[in-house]
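**Student:** Please find coords_23.pdb (PDB, C-alpha atoms and all ligand atoms) on the next line:
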ATOM      1  CA  MET U 191     -20.583   9.076  33.695  1.00  0.00           C
ATOM      2  CA  GLY U 192     -22.264   5.715  34.209  1.00  0.00           C
ATOM      3  CA  ASN U 193     -22.167   2.674  32.022  1.00  0.00           C
ATOM      4  CA  LEU U 194     -22.324   3.760  28.408  1.00  0.00           C
ATOM      5  CA  ASP U 195     -22.853   0.232  27.108  1.00  0.00           C
ATOM      6  CA  ARG U 196     -26.364   0.552  28.402  1.00  0.00           C
ATOM      7  CA  ARG U 197     -28.634   3.130  26.917  1.00  0.00           C
ATOM      8  CA  LEU U 198     -32.102   4.430  27.379  1.00  0.00           C
ATOM      9  CA  VAL U 199     -33.180   6.015  24.098  1.00  0.00           C
ATOM     10  CA  LEU U 200     -36.260   8.227  24.346  1.00  0.00           C
ATOM     11  CA  PHE U 201     -37.934   9.128  21.078  1.00  0.00           C
ATOM     12  CA  ASP U 202     -40.255  11.969  20.242  1.00  0.00           C
ATOM     13  CA  VAL U 203     -43.038  10.957  17.818  1.00  0.00           C
ATOM     14  CA  ASP U 204     -44.221  13.688  15.411  1.00  0.00           C
ATOM     15  CA  GLY U 205     -41.562  15.020  13.065  1.00  0.00           C
ATOM     16  CA  THR U 206     -39.038  12.540  14.474  1.00  0.00           C
ATOM     17  CA  LEU U 207     -40.475   9.084  13.768  1.00  0.00           C
ATOM     18  CA  LEU U 208     -43.405   9.890  11.547  1.00  0.00           C
ATOM     19  CA  ALA U 209     -45.427  12.518   9.729  1.00  0.00           C
ATOM     20  CA  THR U 210     -49.221  12.470   9.822  1.00  0.00           C
ATOM     21  CA  ASP U 211     -50.039  15.227   7.347  1.00  0.00           C
ATOM     22  CA  GLY U 212     -51.932  17.340   9.872  1.00  0.00           C
ATOM     23  CA  SER U 213     -54.049  14.529  11.386  1.00  0.00           C
ATOM     24  CA  GLY U 214     -53.407  15.798  14.917  1.00  0.00           C
ATOM     25  CA  ARG U 215     -54.239  19.387  14.047  1.00  0.00           C
ATOM     26  CA  ARG U 216     -57.505  18.372  12.380  1.00  0.00           C
ATOM     27  CA  ALA U 217     -58.423  16.125  15.308  1.00  0.00           C
ATOM     28  CA  PHE U 218     -57.752  18.961  17.773  1.00  0.00           C
ATOM     29  CA  GLU U 219     -59.909  21.307  15.736  1.00  0.00           C
ATOM     30  CA  ARG U 220     -62.838  18.880  15.659  1.00  0.00           C
ATOM     31  CA  ALA U 221     -62.647  17.962  19.344  1.00  0.00           C
ATOM     32  CA  LEU U 222     -62.200  21.586  20.495  1.00  0.00           C
ATOM     33  CA  ARG U 223     -65.231  22.618  18.485  1.00  0.00           C
ATOM     34  CA  ALA U 224     -67.313  19.727  19.829  1.00  0.00           C
ATOM     35  CA  VAL U 225     -66.421  20.160  23.498  1.00  0.00           C
ATOM     36  CA  PHE U 226     -65.574  23.864  23.926  1.00  0.00           C
ATOM     37  CA  GLY U 227     -67.424  25.325  20.962  1.00  0.00           C
ATOM     38  CA  ARG U 228     -64.323  27.237  19.841  1.00  0.00           C
ATOM     39  CA  VAL U 229     -60.881  26.488  18.498  1.00  0.00           C
ATOM     40  CA  GLY U 230     -58.874  29.614  19.365  1.00  0.00           C
ATOM     41  CA  PRO U 231     -56.147  30.848  17.018  1.00  0.00           C
ATOM     42  CA  ILE U 232     -55.516  27.327  15.726  1.00  0.00           C
ATOM     43  CA  GLU U 233     -54.666  28.424  12.175  1.00  0.00           C
ATOM     44  CA  GLY U 234     -51.472  30.189  13.100  1.00  0.00           C
ATOM     45  CA  TYR U 235     -50.582  28.005  16.093  1.00  0.00           C
ATOM     46  CA  ASP U 236     -47.339  26.009  16.051  1.00  0.00           C
ATOM     47  CA  PHE U 237     -48.054  22.522  17.418  1.00  0.00           C
ATOM     48  CA  HIS U 238     -44.449  21.367  17.198  1.00  0.00           C
ATOM     49  CA  GLY U 239     -42.766  20.511  20.486  1.00  0.00           C
ATOM     50  CA  LYS U 240     -45.925  21.223  22.508  1.00  0.00           C
ATOM     51  CA  THR U 241     -47.655  18.736  24.788  1.00  0.00           C
ATOM     52  CA  ASP U 242     -51.269  17.964  23.893  1.00  0.00           C
ATOM     53  CA  PRO U 243     -52.699  19.539  27.074  1.00  0.00           C
ATOM     54  CA  GLN U 244     -50.474  22.588  26.526  1.00  0.00           C
ATOM     55  CA  ILE U 245     -52.015  22.948  23.048  1.00  0.00           C
ATOM     56  CA  VAL U 246     -55.521  23.001  24.534  1.00  0.00           C
ATOM     57  CA  TYR U 247     -54.586  25.541  27.232  1.00  0.00           C
ATOM     58  CA  ASP U 248     -52.695  27.770  24.762  1.00  0.00           C
ATOM     59  CA  LEU U 249     -55.493  27.839  22.197  1.00  0.00           C
ATOM     60  CA  LEU U 250     -58.366  28.392  24.625  1.00  0.00           C
ATOM     61  CA  ALA U 251     -56.590  30.793  26.983  1.00  0.00           C
ATOM     62  CA  GLU U 252     -56.153  33.232  24.094  1.00  0.00           C
ATOM     63  CA  GLU U 253     -59.915  33.575  23.995  1.00  0.00           C
ATOM     64  CA  GLY U 254     -60.257  34.080  27.722  1.00  0.00           C
ATOM     65  CA  GLY U 255     -60.736  30.523  28.980  1.00  0.00           C
ATOM     66  CA  THR U 256     -59.525  29.988  32.543  1.00  0.00           C
ATOM     67  CA  ALA U 257     -57.324  27.009  33.334  1.00  0.00           C
ATOM     68  CA  ASP U 258     -59.923  25.607  35.791  1.00  0.00           C
ATOM     69  CA  GLU U 259     -62.698  25.849  33.232  1.00  0.00           C
ATOM     70  CA  ILE U 260     -60.558  24.088  30.647  1.00  0.00           C
ATOM     71  CA  ARG U 261     -59.332  21.418  33.066  1.00  0.00           C
ATOM     72  CA  ALA U 262     -62.874  20.558  34.104  1.00  0.00           C
ATOM     73  CA  ARG U 263     -63.771  19.550  30.560  1.00  0.00           C
ATOM     74  CA  LEU U 264     -60.616  17.696  29.615  1.00  0.00           C
ATOM     75  CA  PRO U 265     -62.051  14.295  30.662  1.00  0.00           C
ATOM     76  CA  GLU U 266     -64.676  14.875  27.973  1.00  0.00           C
ATOM     77  CA  PHE U 267     -62.175  16.323  25.515  1.00  0.00           C
ATOM     78  CA  TRP U 268     -59.562  13.542  25.294  1.00  0.00           C
ATOM     79  CA  PRO U 269     -61.862  10.703  24.172  1.00  0.00           C
ATOM     80  CA  ARG U 270     -63.265  13.036  21.508  1.00  0.00           C
ATOM     81  CA  TYR U 271     -59.784  13.972  20.400  1.00  0.00           C
ATOM     82  CA  VAL U 272     -58.628  10.354  20.175  1.00  0.00           C
ATOM     83  CA  ALA U 273     -61.758   9.305  18.259  1.00  0.00           C
ATOM     84  CA  ALA U 274     -61.230  12.183  15.795  1.00  0.00           C
ATOM     85  CA  LEU U 275     -57.524  11.354  15.527  1.00  0.00           C
ATOM     86  CA  ILE U 276     -58.248   7.758  14.543  1.00  0.00           C
ATOM     87  CA  GLU U 277     -60.498   9.025  11.752  1.00  0.00           C
ATOM     88  CA  GLU U 278     -58.088  11.743  10.634  1.00  0.00           C
ATOM     89  CA  LEU U 279     -55.179   9.286  10.486  1.00  0.00           C
ATOM     90  CA  GLU U 280     -57.301   7.288   8.054  1.00  0.00           C
ATOM     91  CA  VAL U 281     -57.968  10.437   6.014  1.00  0.00           C
ATOM     92  CA  SER U 282     -54.221  11.087   5.817  1.00  0.00           C
ATOM     93  CA  ARG U 283     -53.580   7.484   4.889  1.00  0.00           C
ATOM     94  CA  THR U 284     -56.074   7.725   2.020  1.00  0.00           C
ATOM     95  CA  ARG U 285     -54.346  10.874   0.793  1.00  0.00           C
ATOM     96  CA  GLY U 286     -50.971   9.167   0.998  1.00  0.00           C
ATOM     97  CA  GLY U 287     -49.792  11.622   3.646  1.00  0.00           C
ATOM     98  CA  LEU U 288     -49.105   9.186   6.467  1.00  0.00           C
ATOM     99  CA  ARG U 289     -45.499   8.049   6.604  1.00  0.00           C
ATOM    100  CA  VAL U 290     -42.626   6.799   8.674  1.00  0.00           C
ATOM    101  CA  LEU U 291     -39.685   9.151   8.142  1.00  0.00           C
ATOM    102  CA  ALA U 292     -36.690   7.966   6.132  1.00  0.00           C
ATOM    103  CA  GLY U 293     -34.363   5.576   7.943  1.00  0.00           C
ATOM    104  CA  VAL U 294     -36.535   5.368  11.075  1.00  0.00           C
ATOM    105  CA  ARG U 295     -37.521   1.708  10.752  1.00  0.00           C
ATOM    106  CA  GLU U 296     -33.922   0.652  10.118  1.00  0.00           C
ATOM    107  CA  LEU U 297     -32.659   2.827  12.970  1.00  0.00           C
ATOM    108  CA  LEU U 298     -35.153   1.329  15.433  1.00  0.00           C
ATOM    109  CA  GLU U 299     -34.284  -2.195  14.278  1.00  0.00           C
ATOM    110  CA  GLY U 300     -30.597  -1.425  14.742  1.00  0.00           C
ATOM    111  CA  LEU U 301     -31.165  -0.039  18.233  1.00  0.00           C
ATOM    112  CA  ALA U 302     -33.419  -2.943  19.224  1.00  0.00           C
ATOM    113  CA  ARG U 303     -30.637  -5.390  18.274  1.00  0.00           C
ATOM    114  CA  ARG U 304     -28.115  -3.698  20.568  1.00  0.00           C
ATOM    115  CA  PRO U 305     -27.803  -5.439  23.938  1.00  0.00           C
ATOM    116  CA  GLY U 306     -28.446  -3.141  26.866  1.00  0.00           C
ATOM    117  CA  THR U 307     -30.477  -0.662  24.834  1.00  0.00           C
ATOM    118  CA  VAL U 308     -33.986   0.214  25.980  1.00  0.00           C
ATOM    119  CA  LEU U 309     -36.289   2.026  23.549  1.00  0.00           C
ATOM    120  CA  ALA U 310     -39.055   4.215  24.908  1.00  0.00           C
ATOM    121  CA  LEU U 311     -41.055   7.341  24.091  1.00  0.00           C
ATOM    122  CA  LEU U 312     -40.893  10.895  25.345  1.00  0.00           C
ATOM    123  CA  THR U 313     -43.683  12.713  23.606  1.00  0.00           C
ATOM    124  CA  GLY U 314     -46.165  15.525  24.093  1.00  0.00           C
ATOM    125  CA  ASN U 315     -48.892  13.268  22.711  1.00  0.00           C
ATOM    126  CA  VAL U 316     -51.390  11.878  25.185  1.00  0.00           C
ATOM    127  CA  GLU U 317     -50.689   8.164  25.523  1.00  0.00           C
ATOM    128  CA  ALA U 318     -53.631   6.995  23.415  1.00  0.00           C
ATOM    129  CA  GLY U 319     -52.767   9.538  20.710  1.00  0.00           C
ATOM    130  CA  ALA U 320     -49.169   8.330  20.538  1.00  0.00           C
ATOM    131  CA  ARG U 321     -50.331   4.730  20.420  1.00  0.00           C
ATOM    132  CA  TRP U 322     -52.730   5.321  17.519  1.00  0.00           C
ATOM    133  CA  LYS U 323     -50.194   7.330  15.521  1.00  0.00           C
ATOM    134  CA  LEU U 324     -47.561   4.597  15.907  1.00  0.00           C
ATOM    135  CA  LYS U 325     -50.083   1.889  15.111  1.00  0.00           C
ATOM    136  CA  ALA U 326     -51.115   3.747  11.956  1.00  0.00           C
ATOM    137  CA  VAL U 327     -47.604   3.325  10.539  1.00  0.00           C
ATOM    138  CA  ALA U 328     -46.902  -0.113  12.096  1.00  0.00           C
ATOM    139  CA  LEU U 329     -44.365   1.192  14.627  1.00  0.00           C
ATOM    140  CA  ASP U 330     -46.345  -0.138  17.584  1.00  0.00           C
ATOM    141  CA  GLY U 331     -44.870  -2.814  19.807  1.00  0.00           C
ATOM    142  CA  ILE U 332     -41.353  -1.378  19.561  1.00  0.00           C
ATOM    143  CA  PHE U 333     -41.262   0.934  22.569  1.00  0.00           C
ATOM    144  CA  ALA U 334     -41.181  -0.569  26.046  1.00  0.00           C
ATOM    145  CA  PHE U 335     -42.947   2.354  27.727  1.00  0.00           C
ATOM    146  CA  GLY U 336     -43.244   6.105  27.496  1.00  0.00           C
ATOM    147  CA  ALA U 337     -43.691   9.461  29.172  1.00  0.00           C
ATOM    148  CA  TYR U 338     -46.574  11.309  27.575  1.00  0.00           C
ATOM    149  CA  GLY U 339     -48.460  14.582  27.429  1.00  0.00           C
ATOM    150  CA  SER U 340     -51.084  12.797  29.504  1.00  0.00           C
ATOM    151  CA  ASP U 341     -48.509  12.611  32.330  1.00  0.00           C
ATOM    152  CA  SER U 342     -47.734  16.331  32.360  1.00  0.00           C
ATOM    153  CA  ALA U 343     -48.568  19.403  30.307  1.00  0.00           C
ATOM    154  CA  VAL U 344     -45.006  20.590  30.917  1.00  0.00           C
ATOM    155  CA  ARG U 345     -42.660  18.824  28.539  1.00  0.00           C
ATOM    156  CA  THR U 346     -39.522  19.315  30.617  1.00  0.00           C
ATOM    157  CA  GLU U 347     -41.206  17.308  33.423  1.00  0.00           C
ATOM    158  CA  LEU U 348     -41.462  14.265  31.155  1.00  0.00           C
ATOM    159  CA  PRO U 349     -37.805  13.100  31.282  1.00  0.00           C
ATOM    160  CA  ALA U 350     -37.979  12.479  35.062  1.00  0.00           C
ATOM    161  CA  ILE U 351     -41.160  10.455  34.533  1.00  0.00           C
ATOM    162  CA  ALA U 352     -39.460   8.439  31.783  1.00  0.00           C
ATOM    163  CA  LEU U 353     -36.532   7.672  34.112  1.00  0.00           C
ATOM    164  CA  GLN U 354     -38.910   6.501  36.866  1.00  0.00           C
ATOM    165  CA  ARG U 355     -40.720   4.205  34.440  1.00  0.00           C
ATOM    166  CA  ALA U 356     -37.416   2.890  33.109  1.00  0.00           C
ATOM    167  CA  TYR U 357     -36.429   1.970  36.661  1.00  0.00           C
ATOM    168  CA  ALA U 358     -39.793   0.310  37.313  1.00  0.00           C
ATOM    169  CA  ARG U 359     -39.446  -1.736  34.095  1.00  0.00           C
ATOM    170  CA  THR U 360     -35.757  -2.606  34.122  1.00  0.00           C
ATOM    171  CA  GLY U 361     -34.495  -2.066  37.662  1.00  0.00           C
ATOM    172  CA  ILE U 362     -31.837   0.199  36.170  1.00  0.00           C
ATOM    173  CA  ARG U 363     -31.457   3.800  37.249  1.00  0.00           C
ATOM    174  CA  PHE U 364     -30.444   5.294  33.917  1.00  0.00           C
ATOM    175  CA  ALA U 365     -28.810   8.676  34.324  1.00  0.00           C
ATOM    176  CA  GLY U 366     -26.913  11.398  32.491  1.00  0.00           C
ATOM    177  CA  ARG U 367     -25.356  10.372  29.198  1.00  0.00           C
ATOM    178  CA  GLU U 368     -26.728   6.850  29.448  1.00  0.00           C
ATOM    179  CA  VAL U 369     -29.915   8.506  28.273  1.00  0.00           C
ATOM    180  CA  ALA U 370     -30.384   9.872  24.757  1.00  0.00           C
ATOM    181  CA  ILE U 371     -33.367  12.045  23.902  1.00  0.00           C
ATOM    182  CA  VAL U 372     -34.123  12.114  20.198  1.00  0.00           C
ATOM    183  CA  GLY U 373     -36.419  14.785  18.792  1.00  0.00           C
ATOM    184  CA  ASP U 374     -37.040  17.407  16.139  1.00  0.00           C
ATOM    185  CA  THR U 375     -37.579  20.605  18.166  1.00  0.00           C
ATOM    186  CA  PRO U 376     -35.727  22.876  20.601  1.00  0.00           C
ATOM    187  CA  ASP U 377     -38.244  21.610  23.206  1.00  0.00           C
ATOM    188  CA  ASP U 378     -36.848  18.084  22.848  1.00  0.00           C
ATOM    189  CA  VAL U 379     -33.334  19.477  23.234  1.00  0.00           C
ATOM    190  CA  ALA U 380     -34.460  21.314  26.389  1.00  0.00           C
ATOM    191  CA  CYS U 381     -35.678  17.987  27.807  1.00  0.00           C
ATOM    192  CA  ALA U 382     -32.259  16.448  27.228  1.00  0.00           C
ATOM    193  CA  ARG U 383     -30.544  19.383  28.865  1.00  0.00           C
ATOM    194  CA  ALA U 384     -32.940  19.230  31.831  1.00  0.00           C
ATOM    195  CA  ILE U 385     -31.526  15.828  32.863  1.00  0.00           C
ATOM    196  CA  GLY U 386     -28.034  16.003  31.361  1.00  0.00           C
ATOM    197  CA  ALA U 387     -28.947  13.468  28.667  1.00  0.00           C
ATOM    198  CA  LEU U 388     -27.438  13.309  25.201  1.00  0.00           C
ATOM    199  CA  GLY U 389     -29.593  15.551  23.020  1.00  0.00           C
ATOM    200  CA  VAL U 390     -29.923  14.165  19.513  1.00  0.00           C
ATOM    201  CA  ALA U 391     -31.840  16.466  17.204  1.00  0.00           C
ATOM    202  CA  VAL U 392     -33.062  15.616  13.734  1.00  0.00           C
ATOM    203  CA  ALA U 393     -34.071  18.301  11.254  1.00  0.00           C
ATOM    204  CA  THR U 394     -36.980  16.368   9.754  1.00  0.00           C
ATOM    205  CA  GLY U 395     -39.643  18.481  11.433  1.00  0.00           C
ATOM    206  CA  ARG U 396     -40.194  22.189  11.131  1.00  0.00           C
ATOM    207  CA  HIS U 397     -36.895  23.233  12.704  1.00  0.00           C
ATOM    208  CA  ARG U 398     -33.714  23.611  10.684  1.00  0.00           C
ATOM    209  CA  ALA U 399     -30.404  22.154  11.767  1.00  0.00           C
ATOM    210  CA  GLY U 400     -29.027  25.575  12.715  1.00  0.00           C
ATOM    211  CA  GLU U 401     -31.859  26.270  15.163  1.00  0.00           C
ATOM    212  CA  LEU U 402     -31.434  22.874  16.793  1.00  0.00           C
ATOM    213  CA  ARG U 403     -27.723  23.464  17.126  1.00  0.00           C
ATOM    214  CA  GLU U 404     -28.368  26.847  18.727  1.00  0.00           C
ATOM    215  CA  ALA U 405     -30.808  25.215  21.148  1.00  0.00           C
ATOM    216  CA  GLY U 406     -27.847  23.211  22.454  1.00  0.00           C
ATOM    217  CA  ALA U 407     -28.270  19.796  20.815  1.00  0.00           C
ATOM    218  CA  ASP U 408     -25.203  17.563  21.228  1.00  0.00           C
ATOM    219  CA  VAL U 409     -25.766  16.060  17.818  1.00  0.00           C
ATOM    220  CA  VAL U 410     -27.797  17.391  14.888  1.00  0.00           C
ATOM    221  CA  LEU U 411     -28.683  15.104  12.013  1.00  0.00           C
ATOM    222  CA  ASP U 412     -30.390  16.197   8.803  1.00  0.00           C
ATOM    223  CA  ASP U 413     -32.373  12.937   8.884  1.00  0.00           C
ATOM    224  CA  PHE U 414     -31.907   9.235   9.666  1.00  0.00           C
ATOM    225  CA  ARG U 415     -31.104   8.144   6.111  1.00  0.00           C
ATOM    226  CA  ASP U 416     -27.539   7.303   7.091  1.00  0.00           C
ATOM    227  CA  VAL U 417     -28.609   4.689   9.597  1.00  0.00           C
ATOM    228  CA  GLU U 418     -25.127   3.642  10.679  1.00  0.00           C
ATOM    229  CA  TRP U 419     -24.214   7.210  11.453  1.00  0.00           C
ATOM    230  CA  ALA U 420     -27.445   7.781  13.354  1.00  0.00           C
ATOM    231  CA  LEU U 421     -26.783   4.618  15.399  1.00  0.00           C
ATOM    232  CA  ARG U 422     -23.308   5.822  16.258  1.00  0.00           C
ATOM    233  CA  ALA U 423     -24.600   9.254  17.152  1.00  0.00           C
ATOM    234  CA  ILE U 424     -27.215   7.843  19.520  1.00  0.00           C
ATOM    235  CA  CYS U 425     -25.239   4.986  21.046  1.00  0.00           C
ATOM    236  CA  ARG U 426     -21.708   6.196  21.337  1.00  0.00           C
ATOM    237  CA  ASP U 427     -20.418   9.129  23.266  1.00  0.00           C
ATOM    238  CA  GLY U 428     -16.971   8.414  21.860  1.00  0.00           C
ATOM    239  CA  ILE U 429     -17.510  10.155  18.541  1.00  0.00           C
ATOM    240  CA  PRO U 430     -15.023  13.001  18.285  1.00  0.00           C
ATOM    241  CA  PHE U 431     -17.273  16.011  18.619  1.00  0.00           C
ATOM    242  CA  SER U 432     -14.884  18.524  17.147  1.00  0.00           C
ATOM    243  CA  GLU U 433     -17.865  20.837  16.923  1.00  0.00           C
ATOM    244  CA  ARG U 434     -21.146  20.918  18.819  1.00  0.00           C
ATOM    245  CA  SER U 435     -22.696  19.126  15.887  1.00  0.00           C
ATOM    246  CA  PHE U 436     -21.422  17.229  12.942  1.00  0.00           C
ATOM    247  CA  ARG U 437     -22.391  15.800   9.614  1.00  0.00           C
ATOM    248  CA  PRO U 438     -21.440  12.407   8.291  1.00  0.00           C
ATOM    249  CA  GLU U 439     -18.781  12.085   5.627  1.00  0.00           C
ATOM    250  CA  ARG U 440     -20.624  10.632   2.691  1.00  0.00           C
TER     251      ARG U 440
HETATM  252 MG    MG U 501     -41.797  16.384  17.402  1.00  0.00          MG
END
So that I can check it, write out the structure of this file as structure tokens.
**Tutor:**
Amino acid sequence: MGNLDRRLVLFDVDGTLLATDGSGRRAFERALRAVFGRVGPIEGYDFHGKTDPQIVYDLLAEEGGTADEIRARLPEFWPRYVAALIEELEVSRTRGGLRVLAGVRELLEGLARRPGTVLALLTGNVEAGARWKLKAVALDGIFAFGAYGSDSAVRTELPAIALQRAYARTGIRFAGREVAIVGDTPDDVACARAIGALGVAVATGRHRAGELREAGADVVLDDFRDVEWALRAICRDGIPFSERSFRPER
């Protein structure tokens, strides 16, 4: 079971920590058009839970792009994407659409104060994309390290990378329920299940609590407004889980 006083808490970014009002989608559209000359079925495409490279492959493959062809141009694509993202984050800010989700700042402060707790990222964003999104809402400088879409297109490969980086940074081999993975999609829950981590799902993205529960989340929260409850859910395995999920008594 390991030492549950120590925790590695891995946060997803979009829909979990912040909302960018479509900045990422618009940046993808611009960069795809500039580099590949086409955007694929981007209108109906669900970005949630996907890694950034997976988004590119999914969108272009539908129009007959081969993986090799796409891969060859990714070194040109990512700088374009990041440049467009920086601009689109500013557009969202001007519109008032850029925001940290309710309770997130307080939750992160609470976690950062706990001895033995390491905060890091597990996100499908490429590293530079994650960094700019967090910077845009002043959440930069909080996370010690991360595993990113730039490390693997396959999201369920990211937890192992996060554990390696945690060991490199801290000398601690976090394992099992010492690790909590916090996210807003069934894909985040799948990452937790892949390494036997505590899967904490929050229904602030596109997915409803019921779906997250069905995906096998250990804990499902409507949001992080009840910060104390969210802290308990993430840090303590000792909560009586009479059901697979629970709601705070208010
Ligand atoms: Mg997300």
**Student:** Provide the CA of Ala358 in chain U to CA of Val409 in chain U distance in Å, to one decimal place.
**Tutor:**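 CA of Ala358 in chain U sits 28.7 Å away from CA of Val409 in chain U.
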**Student:** Record the distance separating CA of Leu279 in chain U and CA of Gly319 in chain U, expressed in Å with one decimal.
**Tutor:**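 Distance reported for this atom pair: 10.5 Å.
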**Student:** What do you get, as a list in words, if you spell out every residue that the PyMOL selection byres (((chain U and resi 216) around 12) and not hetatm) selects here?
**Tutor:** Thr210, Asp211, Gly212, Ser213, Gly214, Arg215, Ala217, Phe218, Glu219, Arg220, Ala221, Leu222, Arg223, Val229, Ile232, Glu233, Phe237, Tyr271, Val272, Ala273, Ala274, Leu275, Ile276, Glu277, Glu278, Leu279, Glu280, Val281 and Ser282 of chain U
**Student:** Taking all atoms listed in the file and a cut-off of 10 Å, can you tell me which residues surround ligand MG 501 (chain U), written as an NGL selection string?
**Tutor:** :U and (201-209 or 237-241 or 312-315 or 372-378 or 391-392 or 394-397)
**Student:** Write out, as a PDB file, in the frame of the given file, the residues just selected, with C-alpha atoms.
**Tutor:**
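So the final result, stored in out-v9.pdb, reads:
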ATOM      1  CA  PHE U 201     -37.934   9.128  21.078  1.00  0.00           C
ATOM      2  CA  ASP U 202     -40.255  11.969  20.242  1.00  0.00           C
ATOM      3  CA  VAL U 203     -43.038  10.957  17.818  1.00  0.00           C
ATOM      4  CA  ASP U 204     -44.221  13.688  15.411  1.00  0.00           C
ATOM      5  CA  GLY U 205     -41.562  15.020  13.065  1.00  0.00           C
ATOM      6  CA  THR U 206     -39.038  12.540  14.474  1.00  0.00           C
ATOM      7  CA  LEU U 207     -40.475   9.084  13.768  1.00  0.00           C
ATOM      8  CA  LEU U 208     -43.405   9.890  11.547  1.00  0.00           C
ATOM      9  CA  ALA U 209     -45.427  12.518   9.729  1.00  0.00           C
ATOM     10  CA  PHE U 237     -48.054  22.522  17.418  1.00  0.00           C
ATOM     11  CA  HIS U 238     -44.449  21.367  17.198  1.00  0.00           C
ATOM     12  CA  GLY U 239     -42.766  20.511  20.486  1.00  0.00           C
ATOM     13  CA  LYS U 240     -45.925  21.223  22.508  1.00  0.00           C
ATOM     14  CA  THR U 241     -47.655  18.736  24.788  1.00  0.00           C
ATOM     15  CA  LEU U 312     -40.893  10.895  25.345  1.00  0.00           C
ATOM     16  CA  THR U 313     -43.683  12.713  23.606  1.00  0.00           C
ATOM     17  CA  GLY U 314     -46.165  15.525  24.093  1.00  0.00           C
ATOM     18  CA  ASN U 315     -48.892  13.268  22.711  1.00  0.00           C
ATOM     19  CA  VAL U 372     -34.123  12.114  20.198  1.00  0.00           C
ATOM     20  CA  GLY U 373     -36.419  14.785  18.792  1.00  0.00           C
ATOM     21  CA  ASP U 374     -37.040  17.407  16.139  1.00  0.00           C
ATOM     22  CA  THR U 375     -37.579  20.605  18.166  1.00  0.00           C
ATOM     23  CA  PRO U 376     -35.727  22.876  20.601  1.00  0.00           C
ATOM     24  CA  ASP U 377     -38.244  21.610  23.206  1.00  0.00           C
ATOM     25  CA  ASP U 378     -36.848  18.084  22.848  1.00  0.00           C
ATOM     26  CA  ALA U 391     -31.840  16.466  17.204  1.00  0.00           C
ATOM     27  CA  VAL U 392     -33.062  15.616  13.734  1.00  0.00           C
ATOM     28  CA  THR U 394     -36.980  16.368   9.754  1.00  0.00           C
ATOM     29  CA  GLY U 395     -39.643  18.481  11.433  1.00  0.00           C
ATOM     30  CA  ARG U 396     -40.194  22.189  11.131  1.00  0.00           C
ATOM     31  CA  HIS U 397     -36.895  23.233  12.704  1.00  0.00           C
TER      32      HIS U 397
END
**Student:** Given the choices U:Leu250, U:Ala350, U:Leu411, U:Leu301, which gets closest to Val199 in chain U if the distance is worked out from all atoms listed in the file?
**Tutor:** U:Leu301
**Student:** Specify as a ChimeraX atom specification each residue included when the PyMOL selection byres (((chain U and resi 262-265) around 12) and not hetatm) is applied to this file.
**Tutor:** /U:221-222,224-227,242-244,246-247,250,255-261,266-272,316,340
**Student:** At what distance in Å, to one decimal, does CA of Asp195 in chain U lie from CA of Ala320 in chain U?
**Tutor:**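 Between CA of Ala320 in chain U and CA of Asp195 in chain U the gap is 28.3 Å.
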**Student:** Need to verify the contact set: Phe414 in chain U, 8 Å, all atoms listed in the file, exclusion of same-chain residues closer than 2 positions in sequence. Can you return it as an MDAnalysis selection string?
**Tutor:** chainID U and resid 291:294 297 392 411:412 416:417 420
**Student:** Choose the residue, out of U:Leu388, U:Leu200, U:Arg398, U:Arg295, that has the smallest atom-to-atom separation from Phe335 in chain U; count only C-alpha atoms.
**Tutor:**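 Comparing U:Leu388, U:Leu200, U:Arg398, U:Arg295 against Phe335 in chain U, the winner is U:Leu200.
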**Student:** Counting all atoms listed in the file, which residues have an atom no more than 6 Å from (-30.8, 22.0, 14.7) in the file's coordinates? Please list them as a PyMOL selection string.
**Tutor:** chain U and resi 398-403+410
**Student:** Quick check on the file I pasted: which residues fall under the PyMOL selection byres (((chain U and resi 363) around 12) and not hetatm)? Write them as a PyMOL selection string.
**Tutor:** chain U and resi 192-193+196-198+350+352-362+364-366+368-369
**Student:** For Phe333 in chain U, please output as a ChimeraX atom specification all residues within 8 Å (counting only C-alpha atoms; exclusion window: fewer than 5 positions along the same chain).
**Tutor:** /U:309-311
**Student:** Tell me, as a PyMOL selection string, which residues lie within 7 Å of Gly230 in chain U, counting all atoms listed in the file; anything in the same chain fewer than 4 positions away does not count.
**Tutor:** chain U and resi 249-250+252-253
**Student:** For a quick check of your reading of the model, name the residues lying within 9 Å of the coordinate (-29.7, 15.7, 30.8), counting all atoms listed in the file, and write them as a ChimeraX atom specification.
**Tutor:** /U:349,365-367,369-371,380-389
**Student:** Which is closer to Arg415 in chain U than all the others in U:Glu296, U:Ala251, U:Arg303, U:Leu329, using all atoms listed in the file?
**Tutor:**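 Using all atoms listed in the file, Arg415 in chain U sits closest to U:Glu296.
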**Student:** Range 352-369 of chain U, all listed atoms, 4 Å padding on each side: what axis-aligned box centre and edge lengths in Å to one decimal come out, as lines of an AutoDock Vina configuration file?
**Tutor:**
center_x = -33.0
center_y = 4.4
center_z = 33.0
size_x = 23.4
size_y = 22.0
size_z = 17.4
